[in-house]
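Structure below is input.pdb: PDB, N, CA and C atoms.
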```pdb
MODEL        1
ATOM      1  N   THR A   6      -5.281 -18.105  -0.558
ATOM      2  CA  THR A   6      -4.564 -16.976  -0.009
ATOM      3  C   THR A   6      -4.137 -15.967  -1.077
ATOM      4  N   ALA A   7      -4.068 -16.395  -2.331
ATOM      5  CA  ALA A   7      -3.700 -15.456  -3.399
ATOM      6  C   ALA A   7      -4.758 -14.359  -3.527
ATOM      7  N   ALA A   8      -6.018 -14.731  -3.396
ATOM      8  CA  ALA A   8      -7.090 -13.734  -3.480
ATOM      9  C   ALA A   8      -6.999 -12.754  -2.316
ATOM     10  N   ARG A   9      -6.652 -13.244  -1.142
ATOM     11  CA  ARG A   9      -6.507 -12.363   0.023
ATOM     12  C   ARG A   9      -5.305 -11.438  -0.136
ATOM     13  N   ALA A  10      -4.235 -11.956  -0.706
ATOM     14  CA  ALA A  10      -3.059 -11.120  -0.951
ATOM     15  C   ALA A  10      -3.399 -10.017  -1.952
ATOM     16  N   ARG A  11      -4.150 -10.357  -2.995
ATOM     17  CA  ARG A  11      -4.594  -9.336  -3.960
ATOM     18  C   ARG A  11      -5.467  -8.292  -3.277
ATOM     19  N   GLU A  12      -6.299  -8.735  -2.339
ATOM     20  CA  GLU A  12      -7.148  -7.812  -1.584
ATOM     21  C   GLU A  12      -6.297  -6.809  -0.804
ATOM     22  N   VAL A  13      -5.224  -7.292  -0.199
ATOM     23  CA  VAL A  13      -4.331  -6.410   0.561
ATOM     24  C   VAL A  13      -3.666  -5.401  -0.376
ATOM     25  N   ILE A  14      -3.127  -5.867  -1.490
ATOM     26  CA  ILE A  14      -2.435  -4.980  -2.423
ATOM     27  C   ILE A  14      -3.395  -3.948  -2.996
ATOM     28  N   ALA A  15      -4.564  -4.385  -3.420
ATOM     29  CA  ALA A  15      -5.547  -3.456  -3.976
ATOM     30  C   ALA A  15      -6.012  -2.458  -2.922
ATOM     31  N   GLY A  16      -6.219  -2.941  -1.711
ATOM     32  CA  GLY A  16      -6.639  -2.055  -0.629
ATOM     33  C   GLY A  16      -5.592  -1.011  -0.304
ATOM     34  N   LEU A  17      -4.342  -1.431  -0.258
ATOM     35  CA  LEU A  17      -3.259  -0.481   0.001
ATOM     36  C   LEU A  17      -3.176   0.559  -1.105
ATOM     37  N   PHE A  18      -3.251   0.115  -2.352
ATOM     38  CA  PHE A  18      -3.173   1.057  -3.474
ATOM     39  C   PHE A  18      -4.306   2.086  -3.373
ATOM     40  N   THR A  19      -5.512   1.622  -3.136
ATOM     41  CA  THR A  19      -6.660   2.517  -3.024
ATOM     42  C   THR A  19      -6.486   3.502  -1.876
ATOM     43  N   ALA A  20      -6.025   3.005  -0.741
ATOM     44  CA  ALA A  20      -5.837   3.868   0.430
ATOM     45  C   ALA A  20      -4.766   4.926   0.176
ATOM     46  N   PHE A  21      -3.651   4.532  -0.421
ATOM     47  CA  PHE A  21      -2.574   5.484  -0.682
ATOM     48  C   PHE A  21      -2.972   6.510  -1.732
ATOM     49  N   ALA A  22      -3.736   6.085  -2.730
ATOM     50  CA  ALA A  22      -4.186   7.016  -3.763
ATOM     51  C   ALA A  22      -5.171   8.029  -3.187
ATOM     52  N   ALA A  23      -6.022   7.578  -2.275
ATOM     53  CA  ALA A  23      -7.024   8.459  -1.677
ATOM     54  C   ALA A  23      -6.425   9.395  -0.638
ATOM     55  N   ASP A  24      -5.437   8.903   0.111
ATOM     56  CA  ASP A  24      -4.847   9.692   1.188
ATOM     57  C   ASP A  24      -3.349   9.403   1.297
ATOM     58  N   PRO A  25      -2.539  10.117   0.532
ATOM     59  CA  PRO A  25      -1.100   9.866   0.553
ATOM     60  C   PRO A  25      -0.455  10.033   1.927
ATOM     61  N   ALA A  26      -1.139  10.667   2.862
ATOM     62  CA  ALA A  26      -0.588  10.843   4.209
ATOM     63  C   ALA A  26      -0.358   9.508   4.911
ATOM     64  N   VAL A  27      -1.002   8.441   4.462
ATOM     65  CA  VAL A  27      -0.796   7.138   5.095
ATOM     66  C   VAL A  27       0.423   6.408   4.528
ATOM     67  N   MET A  28       1.060   6.990   3.507
ATOM     68  CA  MET A  28       2.306   6.433   2.965
ATOM     69  C   MET A  28       3.465   6.892   3.836
ATOM     70  N   GLY A  29       4.607   6.290   3.613
ATOM     71  CA  GLY A  29       5.814   6.765   4.276
ATOM     72  C   GLY A  29       6.077   8.214   3.885
ATOM     73  N   GLU A  30       6.617   8.972   4.802
ATOM     74  CA  GLU A  30       6.804  10.408   4.585
ATOM     75  C   GLU A  30       7.621  10.721   3.329
ATOM     76  N   ARG A  31       8.711  10.012   3.135
ATOM     77  CA  ARG A  31       9.558  10.272   1.956
ATOM     78  C   ARG A  31       8.785  10.012   0.667
ATOM     79  N   TRP A  32       8.016   8.935   0.653
ATOM     80  CA  TRP A  32       7.240   8.608  -0.543
ATOM     81  C   TRP A  32       6.115   9.604  -0.755
ATOM     82  N   GLN A  33       5.506  10.010   0.316
ATOM     83  CA  GLN A  33       4.410  10.983   0.244
ATOM     84  C   GLN A  33       4.917  12.306  -0.332
ATOM     85  N   GLU A  34       6.075  12.736   0.117
ATOM     86  CA  GLU A  34       6.629  14.017  -0.313
ATOM     87  C   GLU A  34       7.016  14.034  -1.785
ATOM     88  N   THR A  35       7.340  12.882  -2.344
ATOM     89  CA  THR A  35       7.776  12.825  -3.739
ATOM     90  C   THR A  35       6.688  12.299  -4.679
ATOM     91  N   LEU A  36       5.459  12.198  -4.197
ATOM     92  CA  LEU A  36       4.357  11.672  -5.000
ATOM     93  C   LEU A  36       4.016  12.623  -6.145
ATOM     94  N   PRO A  37       4.130  12.164  -7.395
ATOM     95  CA  PRO A  37       3.760  13.015  -8.525
ATOM     96  C   PRO A  37       2.268  13.354  -8.508
ATOM     97  N   LEU A  38       1.934  14.472  -9.094
ATOM     98  CA  LEU A  38       0.540  14.917  -9.136
ATOM     99  C   LEU A  38      -0.219  14.389 -10.341
ATOM    100  N   VAL A  39       0.492  13.963 -11.378
ATOM    101  CA  VAL A  39      -0.169  13.558 -12.619
ATOM    102  C   VAL A  39      -0.027  12.057 -12.855
ATOM    103  N   GLU A  40      -0.977  11.528 -13.592
ATOM    104  CA  GLU A  40      -0.948  10.121 -13.994
ATOM    105  C   GLU A  40      -0.209   9.995 -15.319
ATOM    106  N   PRO A  41       0.411   8.896 -15.608
ATOM    107  CA  PRO A  41       0.459   7.653 -14.842
ATOM    108  C   PRO A  41       1.579   7.611 -13.805
ATOM    109  N   GLU A  42       2.355   8.689 -13.705
ATOM    110  CA  GLU A  42       3.478   8.703 -12.759
ATOM    111  C   GLU A  42       3.019   8.522 -11.323
ATOM    112  N   ARG A  43       1.869   9.109 -10.978
ATOM    113  CA  ARG A  43       1.342   8.993  -9.615
ATOM    114  C   ARG A  43       1.067   7.523  -9.263
ATOM    115  N   SER A  44       0.363   6.817 -10.127
ATOM    116  CA  SER A  44       0.048   5.408  -9.873
ATOM    117  C   SER A  44       1.303   4.553  -9.839
ATOM    118  N   ARG A  45       2.262   4.829 -10.702
ATOM    119  CA  ARG A  45       3.521   4.080 -10.731
ATOM    120  C   ARG A  45       4.279   4.276  -9.419
ATOM    121  N   HIS A  46       4.273   5.479  -8.904
ATOM    122  CA  HIS A  46       4.945   5.798  -7.644
ATOM    123  C   HIS A  46       4.311   5.006  -6.491
ATOM    124  N   ILE A  47       2.997   4.981  -6.446
ATOM    125  CA  ILE A  47       2.291   4.218  -5.407
ATOM    126  C   ILE A  47       2.594   2.732  -5.551
ATOM    127  N   ALA A  48       2.558   2.233  -6.780
ATOM    128  CA  ALA A  48       2.859   0.819  -7.022
ATOM    129  C   ALA A  48       4.289   0.479  -6.610
ATOM    130  N   ASP A  49       5.228   1.363  -6.882
ATOM    131  CA  ASP A  49       6.614   1.140  -6.475
ATOM    132  C   ASP A  49       6.745   1.097  -4.956
ATOM    133  N   TYR A  50       6.004   1.952  -4.269
ATOM    134  CA  TYR A  50       6.028   1.952  -2.807
ATOM    135  C   TYR A  50       5.539   0.606  -2.272
ATOM    136  N   ILE A  51       4.435   0.132  -2.819
ATOM    137  CA  ILE A  51       3.880  -1.151  -2.381
ATOM    138  C   ILE A  51       4.823  -2.295  -2.733
ATOM    139  N   ALA A  52       5.412  -2.257  -3.919
ATOM    140  CA  ALA A  52       6.324  -3.324  -4.355
ATOM    141  C   ALA A  52       7.550  -3.432  -3.443
ATOM    142  N   GLY A  53       7.940  -2.337  -2.839
ATOM    143  CA  GLY A  53       9.097  -2.346  -1.952
ATOM    144  C   GLY A  53       8.805  -2.836  -0.547
ATOM    145  N   MET A  54       7.549  -3.082  -0.245
ATOM    146  CA  MET A  54       7.168  -3.548   1.092
ATOM    147  C   MET A  54       7.452  -5.038   1.247
ATOM    148  N   THR A  55       7.854  -5.438   2.436
ATOM    149  CA  THR A  55       7.884  -6.862   2.739
ATOM    150  C   THR A  55       6.449  -7.311   2.949
ATOM    151  N   ASP A  56       6.222  -8.612   2.881
ATOM    152  CA  ASP A  56       4.871  -9.137   3.114
ATOM    153  C   ASP A  56       4.357  -8.719   4.487
ATOM    154  N   ARG A  57       5.192  -8.890   5.486
ATOM    155  CA  ARG A  57       4.774  -8.560   6.857
ATOM    156  C   ARG A  57       4.428  -7.086   7.004
ATOM    157  N   PHE A  58       5.242  -6.223   6.404
ATOM    158  CA  PHE A  58       4.980  -4.793   6.497
ATOM    159  C   PHE A  58       3.689  -4.434   5.771
ATOM    160  N   ALA A  59       3.462  -5.022   4.603
ATOM    161  CA  ALA A  59       2.238  -4.753   3.851
ATOM    162  C   ALA A  59       1.009  -5.188   4.646
ATOM    163  N   ILE A  60       1.068  -6.365   5.235
ATOM    164  CA  ILE A  60      -0.063  -6.870   6.022
ATOM    165  C   ILE A  60      -0.287  -5.996   7.250
ATOM    166  N   ALA A  61       0.789  -5.614   7.923
ATOM    167  CA  ALA A  61       0.654  -4.755   9.104
ATOM    168  C   ALA A  61       0.105  -3.382   8.723
ATOM    169  N   THR A  62       0.548  -2.833   7.600
ATOM    170  CA  THR A  62       0.056  -1.536   7.149
ATOM    171  C   THR A  62      -1.424  -1.623   6.796
ATOM    172  N   TYR A  63      -1.799  -2.687   6.130
ATOM    173  CA  TYR A  63      -3.217  -2.906   5.805
ATOM    174  C   TYR A  63      -4.035  -2.958   7.098
ATOM    175  N   GLY A  64      -3.548  -3.691   8.068
ATOM    176  CA  GLY A  64      -4.250  -3.796   9.350
ATOM    177  C   GLY A  64      -4.374  -2.457  10.049
ATOM    178  N   ARG A  65      -3.320  -1.654   9.984
ATOM    179  CA  ARG A  65      -3.355  -0.324  10.609
ATOM    180  C   ARG A  65      -4.378   0.577   9.911
ATOM    181  N   ILE A  66      -4.440   0.514   8.593
ATOM    182  CA  ILE A  66      -5.347   1.375   7.832
ATOM    183  C   ILE A  66      -6.794   0.922   7.955
ATOM    184  N   PHE A  67      -7.026  -0.381   7.809
ATOM    185  CA  PHE A  67      -8.395  -0.896   7.731
ATOM    186  C   PHE A  67      -8.917  -1.501   9.030
ATOM    187  N   GLY A  68      -8.044  -1.677  10.017
ATOM    188  CA  GLY A  68      -8.498  -2.169  11.311
ATOM    189  C   GLY A  68      -8.620  -3.664  11.422
ATOM    190  N   PHE A  69      -8.216  -4.405  10.403
ATOM    191  CA  PHE A  69      -8.246  -5.871  10.463
ATOM    192  C   PHE A  69      -7.248  -6.416   9.441
ATOM    193  N   THR A  70      -6.873  -7.658   9.639
ATOM    194  CA  THR A  70      -6.001  -8.360   8.701
ATOM    195  C   THR A  70      -6.794  -9.499   8.092
ATOM    196  N   PRO A  71      -6.817  -9.605   6.760
ATOM    197  CA  PRO A  71      -7.531 -10.731   6.156
ATOM    198  C   PRO A  71      -7.051 -12.058   6.714
ATOM    199  N   GLU A  72      -7.974 -12.943   7.008
ATOM    200  CA  GLU A  72      -7.665 -14.247   7.597
ATOM    201  C   GLU A  72      -6.715 -15.033   6.697
ATOM    202  N   GLY A  73      -5.754 -15.684   7.304
ATOM    203  CA  GLY A  73      -4.845 -16.552   6.578
ATOM    204  C   GLY A  73      -3.601 -15.860   6.041
ATOM    205  N   LEU A  74      -3.430 -14.573   6.300
ATOM    206  CA  LEU A  74      -2.269 -13.875   5.768
ATOM    207  C   LEU A  74      -1.262 -13.479   6.834
ATOM    208  N   SER A  75      -1.478 -13.817   8.053
ATOM    209  CA  SER A  75      -0.586 -13.358   9.118
ATOM    210  C   SER A  75       0.819 -13.914   8.996
ATOM    211  N   SER A  76       0.991 -15.069   8.358
ATOM    212  CA  SER A  76       2.324 -15.651   8.290
ATOM    213  C   SER A  76       2.860 -15.756   6.878
ATOM    214  N   VAL A  77       2.364 -14.954   5.967
ATOM    215  CA  VAL A  77       2.818 -15.021   4.577
ATOM    216  C   VAL A  77       4.211 -14.480   4.465
TER     217      VAL A  77
ENDMDL
END
```

How does this structure look as structure tokens?
Amino acid sequence: TAARAREVIAGLFTAFAADPAVMGERWQETLPLVEPERSRHIADYIAGMTDRFAIATYGRIFGFTPEGLSSV
């Protein structure tokens, strides 16, 4: 399940970096334009998520939840 959890985190980071509109509105509005601040901001957003919220957000973005992570 650790590999699946990494898949969720990496997928969320990639999705938020590509399209900040899928982030929470407050986080999207304060997203820096330059690196490394931009990546740190995205990482902080993900770090603040509960497991359930991260999994649900991944499912909403990608249309599926990796097997074995529904109850993490």

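Once the PyMOL selection byres (((chain A and resi 45-61 and name CA) around 8) and name CA) is applied to the shown structure, the selection contains A:Val13, A:Ile14, A:Leu17, A:Phe18, A:Phe21, A:Ala22, A:Trp32, A:Leu36, A:Pro37, A:Pro41, A:Glu42, A:Arg43, A:Ser44, A:Thr62, A:Tyr63, A:Gly64, A:Arg65, A:Thr70, A:Leu74, A:Ser75, A:Ser76, A:Val77.
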
Would you please extract all helix (DSSP H, G or I) residues from chain A, as assigned by DSSP on the backbone, and give them as a ChimeraX atom specification? /A:7-23,25-27,30-34,42-52,56-67

For the atom pair atom C of Ala26 of chain A and atom N of Glu40 of chain A, what is the interatomic distance in Å to one decimal place? 18.6 Å

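The gap separating atom CA of Ile66 of chain A from atom N of Val27 of chain A is 9.0 Å, in Å to one decimal.
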
In Å, how far is it from atom C of Gly73 of chain A to atom C of Ala7 of chain A? 9.8 Å

Pick out the closest residue to Thr6 of chain A from this set: A:Pro25, A:Pro71, A:Ala20, A:Leu38. Count only C-alpha atoms. A:Pro71

Mind writing segment 10-24 of chain A to a file for me, with all heavy atoms, as a tab-separated table (two decimals), in the first residue's frame?
```
chain	number	residue	atom	x	y	z
A	10	ALA	N	0.06	4.63	-2.10
A	10	ALA	CA	-0.02	5.94	-1.46
A	10	ALA	C	0.90	6.93	-2.18
A	10	ALA	O	0.52	8.08	-2.42
A	10	ALA	CB	0.35	5.84	0.01
A	11	ARG	N	2.10	6.48	-2.54
A	11	ARG	CA	3.02	7.34	-3.31
A	11	ARG	C	2.41	7.71	-4.65
A	11	ARG	O	2.56	8.84	-5.13
A	11	ARG	CB	4.37	6.66	-3.49
A	11	ARG	CG	5.25	6.71	-2.26
A	11	ARG	CD	6.66	6.25	-2.54
A	11	ARG	NE	6.75	4.84	-2.91
A	11	ARG	CZ	6.84	3.85	-2.04
A	11	ARG	NH1	6.88	4.11	-0.75
A	11	ARG	NH2	6.91	2.61	-2.45
A	12	GLU	N	1.71	6.76	-5.27
A	12	GLU	CA	1.04	7.02	-6.54
A	12	GLU	C	0.00	8.13	-6.39
A	12	GLU	O	-0.10	9.02	-7.25
A	12	GLU	CB	0.36	5.73	-7.03
A	12	GLU	CG	-0.47	5.90	-8.27
A	12	GLU	CD	-1.25	4.63	-8.63
A	12	GLU	OE1	-0.89	3.53	-8.15
A	12	GLU	OE2	-2.22	4.75	-9.39
A	13	VAL	N	-0.75	8.10	-5.30
A	13	VAL	CA	-1.76	9.13	-5.05
A	13	VAL	C	-1.09	10.49	-4.86
A	13	VAL	O	-1.48	11.48	-5.48
A	13	VAL	CB	-2.64	8.77	-3.83
A	13	VAL	CG1	-3.48	9.96	-3.39
A	13	VAL	CG2	-3.52	7.58	-4.15
A	14	ILE	N	-0.06	10.55	-4.04
A	14	ILE	CA	0.62	11.82	-3.76
A	14	ILE	C	1.25	12.37	-5.03
A	14	ILE	O	1.10	13.56	-5.35
A	14	ILE	CB	1.69	11.64	-2.66
A	14	ILE	CG1	1.05	11.16	-1.36
A	14	ILE	CG2	2.47	12.93	-2.44
A	14	ILE	CD1	-0.07	12.01	-0.84
A	15	ALA	N	1.94	11.53	-5.78
A	15	ALA	CA	2.57	11.99	-7.01
A	15	ALA	C	1.53	12.43	-8.03
A	15	ALA	O	1.71	13.45	-8.72
A	15	ALA	CB	3.45	10.88	-7.60
A	16	GLY	N	0.44	11.69	-8.12
A	16	GLY	CA	-0.63	12.05	-9.04
A	16	GLY	C	-1.26	13.38	-8.69
A	16	GLY	O	-1.52	14.21	-9.56
A	17	LEU	N	-1.51	13.59	-7.41
A	17	LEU	CA	-2.08	14.86	-6.97
A	17	LEU	C	-1.13	16.01	-7.28
A	17	LEU	O	-1.55	17.05	-7.79
A	17	LEU	CB	-2.40	14.83	-5.48
A	17	LEU	CG	-3.57	13.96	-5.05
A	17	LEU	CD1	-3.67	13.90	-3.53
A	17	LEU	CD2	-4.87	14.44	-5.67
A	18	PHE	N	0.15	15.83	-6.98
A	18	PHE	CA	1.12	16.90	-7.24
A	18	PHE	C	1.13	17.24	-8.73
A	18	PHE	O	1.08	18.41	-9.11
A	18	PHE	CB	2.52	16.48	-6.78
A	18	PHE	CG	3.51	17.60	-6.91
A	18	PHE	CD1	3.73	18.46	-5.85
A	18	PHE	CD2	4.20	17.82	-8.09
A	18	PHE	CE1	4.62	19.52	-5.97
A	18	PHE	CE2	5.09	18.86	-8.22
A	18	PHE	CZ	5.29	19.72	-7.16
A	19	THR	N	1.19	16.23	-9.58
A	19	THR	CA	1.21	16.45	-11.02
A	19	THR	C	-0.05	17.16	-11.49
A	19	THR	O	0.01	18.09	-12.29
A	19	THR	CB	1.37	15.11	-11.76
A	19	THR	OG1	2.60	14.51	-11.34
A	19	THR	CG2	1.39	15.29	-13.26
A	20	ALA	N	-1.19	16.73	-10.98
A	20	ALA	CA	-2.47	17.34	-11.38
A	20	ALA	C	-2.55	18.80	-10.94
A	20	ALA	O	-2.97	19.66	-11.73
A	20	ALA	CB	-3.63	16.55	-10.78
A	21	PHE	N	-2.14	19.09	-9.72
A	21	PHE	CA	-2.20	20.47	-9.22
A	21	PHE	C	-1.21	21.37	-9.95
A	21	PHE	O	-1.50	22.54	-10.20
A	21	PHE	CB	-1.95	20.51	-7.72
A	21	PHE	CG	-2.97	19.78	-6.90
A	21	PHE	CD1	-2.62	19.17	-5.71
A	21	PHE	CD2	-4.29	19.70	-7.30
A	21	PHE	CE1	-3.54	18.50	-4.93
A	21	PHE	CE2	-5.24	19.03	-6.54
A	21	PHE	CZ	-4.87	18.43	-5.36
A	22	ALA	N	-0.04	20.84	-10.28
A	22	ALA	CA	0.95	21.63	-11.00
A	22	ALA	C	0.47	21.94	-12.42
A	22	ALA	O	0.68	23.04	-12.94
A	22	ALA	CB	2.28	20.90	-11.05
A	23	ALA	N	-0.20	20.98	-13.04
A	23	ALA	CA	-0.69	21.16	-14.41
A	23	ALA	C	-1.92	22.05	-14.47
A	23	ALA	O	-2.09	22.82	-15.43
A	23	ALA	CB	-0.99	19.80	-15.04
A	24	ASP	N	-2.79	21.94	-13.47
A	24	ASP	CA	-4.04	22.69	-13.47
A	24	ASP	C	-4.41	23.12	-12.05
A	24	ASP	O	-5.14	22.40	-11.35
A	24	ASP	CB	-5.16	21.85	-14.07
A	24	ASP	CG	-6.47	22.59	-14.18
A	24	ASP	OD1	-6.50	23.82	-13.93
A	24	ASP	OD2	-7.49	21.95	-14.51
```
